[in-house]
Amino acid sequence: MDNSRQPAAKLVIVSGRSGSGKSTALHVLEDAGFYCIDNLPAMLLPQLLAQGADEAGLGRIAVSIDARNMPGSIAHFGEIIAGLPEAFAVDVIYLDADDATLIKRFSETRRKHPLSNQGMPLAEALAAERALLAPIAARAARTIDTRGMSLHDLRDLVTRTVVAQPASGMAVLFESFGFKNGIPLDADLVFDLRSLPNPHWLPELRHMSGRDAPVADFLERSTEVLEMLADIGAFLERWLPRFAASNRSYSTVALGCTGGRHRSVYAAERLLARLLPHFPGAQVRHRDLGAEAPS
């Protein structure tokens, strides 16, 4: 294979369950200059790209394919993708969140779920939607867990990782989280930090986060913390380049503690600093710091 010849055009397919933020992601791509289509029938993808290859200015295309599509088309999604023109690099992005978050969003907007009806409550509709979209989720280069994200957070993440993919060829995200709120849906690698000393039990540190110097000083006095970070850092330095060499576009390294405020935040920041020389486009996200999350 001649790796020197890269596709000149790009297709981004945005999918995910209702309420996960697909419309926001598509708007970001449209603002970035992509030709965007919402709810395109999957079976029309080959014709769209054939037209795009002939039209000036259609070198970057983004489409949304979701539960409103024809079920038969979604079931054959893998075959459709495999048959697309090689002139386009295809990137499938799947957005999702836990059921409780999606239900809350529906209750706030009072929107109707596309699969809901009088005989199917919202919770059942979300479960059916997950099963329906499984062929797309299985082909996704990246799954984005939008739980705890504001619209600004999601727009920023899509801009930094999907629109402006780093020259290294693989976008790396270090994500801190709290196990009490569930493991991130977008995690490729998960490290459990709950065995380390917990600053939460010190009243003077409880209100702080892993970004604050007193918390960092407390953790760095622990040999266990330093040893675990050294081991994780060495593992990532060895294996993330291997992942990148296998043509992966994205990799999310999730670091979890109990609440996602102290140990995991500190570790994500330190590992980001260590891996930046290898992956200059690496980013950090603190899922469970709420409004403080963007970094």
# chains A, B, ... in the order shown; residues from 1 in each chain; ligands from 1
$ residues_around --residues "Leu115 (chain A)" --least-positions-apart "2" --cutoff "12 Å" --atoms "only C-alpha atoms" --output "MDAnalysis selection string"
chainID A and resid 17:18 66:69 71 111:113 117:132
$ select_by_dssp --residues "region 144-252 of chain A" --states "strand (DSSP E or B)" --output "ChimeraX atom specification"
/A:144-145,171-178,189-192,250-252
$ write_last_selection --atoms "N, CA and C atoms" --output "compact mmCIF listing (two decimals), in the first residue's frame"
# COMPACT_ATOMS: atom_id res chain seq x y z
N ILE A 144 -18.27 9.70 21.83
CA ILE A 144 -18.16 10.84 22.73
C ILE A 144 -19.26 10.75 23.77
N ASP A 145 -18.86 10.65 25.02
CA ASP A 145 -19.81 10.61 26.13
C ASP A 145 -20.13 12.05 26.51
N ALA A 171 -5.87 11.66 17.76
CA ALA A 171 -6.20 12.61 18.81
C ALA A 171 -6.33 11.86 20.13
N VAL A 172 -5.58 12.29 21.14
CA VAL A 172 -5.59 11.63 22.44
C VAL A 172 -6.27 12.54 23.46
N LEU A 173 -7.22 11.97 24.21
CA LEU A 173 -7.93 12.70 25.24
C LEU A 173 -7.72 12.00 26.58
N PHE A 174 -7.23 12.74 27.57
CA PHE A 174 -7.14 12.24 28.95
C PHE A 174 -8.39 12.71 29.69
N GLU A 175 -9.17 11.77 30.19
CA GLU A 175 -10.46 12.11 30.79
C GLU A 175 -10.53 11.60 32.23
N SER A 176 -10.70 12.52 33.17
CA SER A 176 -10.89 12.12 34.56
C SER A 176 -12.37 11.90 34.81
N PHE A 177 -12.70 11.00 35.74
CA PHE A 177 -14.09 10.72 36.04
C PHE A 177 -14.22 10.11 37.43
N GLY A 178 -15.44 10.07 37.93
CA GLY A 178 -15.73 9.42 39.20
C GLY A 178 -16.49 8.14 38.97
N LEU A 189 -9.12 3.17 27.19
CA LEU A 189 -8.31 2.59 28.27
C LEU A 189 -8.81 3.18 29.58
N VAL A 190 -8.98 2.34 30.60
CA VAL A 190 -9.49 2.80 31.90
C VAL A 190 -8.50 2.40 32.99
N PHE A 191 -8.12 3.38 33.80
CA PHE A 191 -7.22 3.13 34.93
C PHE A 191 -7.94 3.52 36.22
N ASP A 192 -7.89 2.62 37.21
CA ASP A 192 -8.59 2.79 38.48
C ASP A 192 -7.61 3.32 39.53
N TYR A 250 -8.61 8.22 17.08
CA TYR A 250 -8.86 8.77 18.40
C TYR A 250 -8.53 7.72 19.46
N SER A 251 -8.13 8.22 20.63
CA SER A 251 -7.95 7.33 21.78
C SER A 251 -8.24 8.13 23.05
N THR A 252 -9.14 7.59 23.88
CA THR A 252 -9.49 8.25 25.14
C THR A 252 -8.95 7.42 26.30
$ residues_around --residues "Ala82 (chain A)" --least-positions-apart "6" --cutoff "12 Å" --atoms "only C-alpha atoms" --output "VMD selection string"
chain A and resid 45 to 46 76 88 to 90 139
$ residues_around --residues "Ala273 (chain A)" --least-positions-apart "6" --cutoff "10 Å" --atoms "only C-alpha atoms" --output "PyMOL selection string"
chain A and resi 267+280+282-284
$ residues_around --residues "Tyr266 (chain A)" --least-positions-apart "3" --cutoff "6 Å" --atoms "only C-alpha atoms" --output "list in words"
Gly210, Arg211, Arg263 and Glu269 of chain A
$ residues_around --residues "Val92 (chain A)" --least-positions-apart "5" --cutoff "10 Å" --atoms "only C-alpha atoms" --output "JSON list (two decimals) with C-alpha atoms, in the first residue's frame"
[["chain", "number", "residue", "atom", "x", "y", "z"],
["A", 11, "LEU", "CA", -16.70, 12.45, 5.17],
["A", 12, "VAL", "CA", -17.73, 12.71, 8.82],
["A", 13, "ILE", "CA", -20.77, 10.66, 9.84],
["A", 14, "VAL", "CA", -22.37, 11.85, 13.07],
["A", 15, "SER", "CA", -24.68, 9.44, 14.87],
["A", 62, "ALA", "CA", -20.70, 15.77, 7.21],
["A", 63, "VAL", "CA", -23.98, 13.89, 7.58],
["A", 64, "SER", "CA", -26.17, 12.85, 10.48],
["A", 81, "ILE", "CA", -19.40, 2.13, 4.43],
["A", 136, "ILE", "CA", -23.20, 2.36, 13.53],
["A", 137, "ALA", "CA", -21.76, 2.41, 17.06],
["A", 138, "ALA", "CA", -19.65, -0.64, 16.19],
["A", 139, "ARG", "CA", -18.05, 1.21, 13.27],
["A", 140, "ALA", "CA", -17.38, 4.46, 15.14],
["A", 141, "ALA", "CA", -13.81, 5.71, 15.24],
["A", 142, "ARG", "CA", -14.78, 7.65, 18.32],
["A", 143, "THR", "CA", -17.60, 7.57, 20.86]]
$ atom_distance --atom1 "CA of Leu240 (chain A)" --atom2 "CA of Val158 (chain A)"
21.1 Å
$ atom_distance --atom1 "CA of Ser264 (chain A)" --atom2 "CA of Ala216 (chain A)"
11.2 Å
$ atom_distance --atom1 "CA of Val28 (chain A)" --atom2 "CA of Leu157 (chain A)"
9.9 Å
$ closest_residue --among "A:Thr258, A:Asn198, A:Thr161, A:Ser249" --to "Arg285 (chain A)" --atoms "only C-alpha atoms"
A:Thr161
$ residues_around --residues "Leu202 (chain A)" --least-positions-apart "6" --cutoff "12 Å" --atoms "only C-alpha atoms" --output "ChimeraX atom specification"
/A:208,214-215,218-219,262
$ write_last_selection --atoms "C-alpha atoms" --output "mmCIF file, in the first residue's frame"
data_model
loop_
_atom_site.group_PDB
_atom_site.id
_atom_site.type_symbol
_atom_site.label_atom_id
_atom_site.label_comp_id
_atom_site.auth_asym_id
_atom_site.auth_seq_id
_atom_site.Cartn_x
_atom_site.Cartn_y
_atom_site.Cartn_z
ATOM 1 C CA MET A 208 -10.437 21.770 46.124
ATOM 2 C CA PRO A 214 -2.301 21.818 47.961
ATOM 3 C CA VAL A 215 -3.985 18.694 46.555
ATOM 4 C CA PHE A 218 -0.589 15.997 49.231
ATOM 5 C CA LEU A 219 -0.633 13.380 46.460
ATOM 6 C CA HIS A 262 -9.067 14.930 43.229
#
$ select_by_dssp --residues "region 33-171 of chain A" --states "helix (DSSP H, G or I)" --output "PDB file with C-alpha atoms, in the first residue's frame"
ATOM      1  CA  ALA A  42     -27.711   5.817   4.706  1.00  0.00           C
ATOM      2  CA  MET A  43     -28.369   4.159   1.369  1.00  0.00           C
ATOM      3  CA  LEU A  44     -27.806   7.520  -0.351  1.00  0.00           C
ATOM      4  CA  LEU A  45     -24.229   7.905   0.914  1.00  0.00           C
ATOM      5  CA  PRO A  46     -22.609   6.488  -2.278  1.00  0.00           C
ATOM      6  CA  GLN A  47     -24.572   8.898  -4.481  1.00  0.00           C
ATOM      7  CA  LEU A  48     -23.737  11.831  -2.220  1.00  0.00           C
ATOM      8  CA  LEU A  49     -20.003  11.133  -2.358  1.00  0.00           C
ATOM      9  CA  ALA A  50     -20.117  10.559  -6.101  1.00  0.00           C
ATOM     10  CA  GLN A  51     -21.704  14.009  -6.442  1.00  0.00           C
ATOM     11  CA  GLY A  52     -19.232  15.475  -3.948  1.00  0.00           C
ATOM     12  CA  ALA A  53     -16.278  14.164  -5.931  1.00  0.00           C
ATOM     13  CA  ASP A  54     -17.554  16.050  -9.002  1.00  0.00           C
ATOM     14  CA  PRO A  71     -33.973   0.389   9.889  1.00  0.00           C
ATOM     15  CA  GLY A  72     -32.930  -1.740   6.921  1.00  0.00           C
ATOM     16  CA  SER A  73     -30.308   0.812   5.898  1.00  0.00           C
ATOM     17  CA  ILE A  74     -28.861   0.980   9.399  1.00  0.00           C
ATOM     18  CA  ALA A  75     -28.658  -2.818   9.583  1.00  0.00           C
ATOM     19  CA  PHE A  77     -24.401   0.229   7.554  1.00  0.00           C
ATOM     20  CA  GLY A  78     -21.113  -1.692   7.552  1.00  0.00           C
ATOM     21  CA  GLU A  79     -21.629  -2.856   3.979  1.00  0.00           C
ATOM     22  CA  ILE A  80     -22.555   0.669   2.862  1.00  0.00           C
ATOM     23  CA  ILE A  81     -19.398   2.134   4.426  1.00  0.00           C
ATOM     24  CA  ALA A  82     -17.205  -0.571   2.920  1.00  0.00           C
ATOM     25  CA  ASP A  99     -30.090   6.918  30.136  1.00  0.00           C
ATOM     26  CA  ALA A 100     -30.655   9.198  33.140  1.00  0.00           C
ATOM     27  CA  THR A 101     -28.995  12.124  31.353  1.00  0.00           C
ATOM     28  CA  LEU A 102     -30.944  11.578  28.130  1.00  0.00           C
ATOM     29  CA  ILE A 103     -34.245  11.300  29.992  1.00  0.00           C
ATOM     30  CA  LYS A 104     -33.468  14.519  31.866  1.00  0.00           C
ATOM     31  CA  ARG A 105     -32.727  16.330  28.610  1.00  0.00           C
ATOM     32  CA  PHE A 106     -36.005  15.171  27.090  1.00  0.00           C
ATOM     33  CA  SER A 107     -37.919  16.305  30.153  1.00  0.00           C
ATOM     34  CA  GLU A 108     -36.293  19.746  29.965  1.00  0.00           C
ATOM     35  CA  THR A 109     -36.935  20.257  26.238  1.00  0.00           C
ATOM     36  CA  LEU A 122     -39.179   6.929  26.880  1.00  0.00           C
ATOM     37  CA  ALA A 123     -36.876   4.514  28.740  1.00  0.00           C
ATOM     38  CA  GLU A 124     -37.901   1.663  26.435  1.00  0.00           C
ATOM     39  CA  ALA A 125     -37.522   3.887  23.371  1.00  0.00           C
ATOM     40  CA  LEU A 126     -33.942   4.718  24.396  1.00  0.00           C
ATOM     41  CA  ALA A 127     -33.140   1.018  24.830  1.00  0.00           C
ATOM     42  CA  ALA A 128     -34.630   0.215  21.421  1.00  0.00           C
ATOM     43  CA  GLU A 129     -32.670   3.068  19.889  1.00  0.00           C
ATOM     44  CA  ARG A 130     -29.418   1.702  21.313  1.00  0.00           C
ATOM     45  CA  ALA A 131     -30.094  -1.671  19.682  1.00  0.00           C
ATOM     46  CA  LEU A 132     -31.117  -0.072  16.387  1.00  0.00           C
ATOM     47  CA  ALA A 134     -25.571  -0.752  17.254  1.00  0.00           C
ATOM     48  CA  PRO A 135     -24.223  -1.314  13.682  1.00  0.00           C
ATOM     49  CA  ILE A 136     -23.199   2.358  13.526  1.00  0.00           C
ATOM     50  CA  ALA A 137     -21.761   2.411  17.063  1.00  0.00           C
ATOM     51  CA  ALA A 138     -19.650  -0.642  16.192  1.00  0.00           C
ATOM     52  CA  ARG A 139     -18.052   1.213  13.273  1.00  0.00           C
ATOM     53  CA  LEU A 151     -23.281  22.953  24.680  1.00  0.00           C
ATOM     54  CA  HIS A 152     -20.054  24.968  24.896  1.00  0.00           C
ATOM     55  CA  ASP A 153     -18.135  21.916  26.163  1.00  0.00           C
ATOM     56  CA  LEU A 154     -19.350  19.758  23.290  1.00  0.00           C
ATOM     57  CA  ARG A 155     -18.699  22.389  20.651  1.00  0.00           C
ATOM     58  CA  ASP A 156     -15.182  22.882  21.989  1.00  0.00           C
ATOM     59  CA  LEU A 157     -14.432  19.135  22.069  1.00  0.00           C
ATOM     60  CA  VAL A 158     -15.696  18.550  18.525  1.00  0.00           C
ATOM     61  CA  THR A 159     -13.713  21.528  17.273  1.00  0.00           C
ATOM     62  CA  ARG A 160     -10.498  20.382  18.948  1.00  0.00           C
ATOM     63  CA  THR A 161     -10.671  16.686  18.078  1.00  0.00           C
ATOM     64  CA  VAL A 162     -12.831  16.185  14.980  1.00  0.00           C
ATOM     65  CA  VAL A 163     -12.353  19.422  13.033  1.00  0.00           C
TER      66      VAL A 163
END
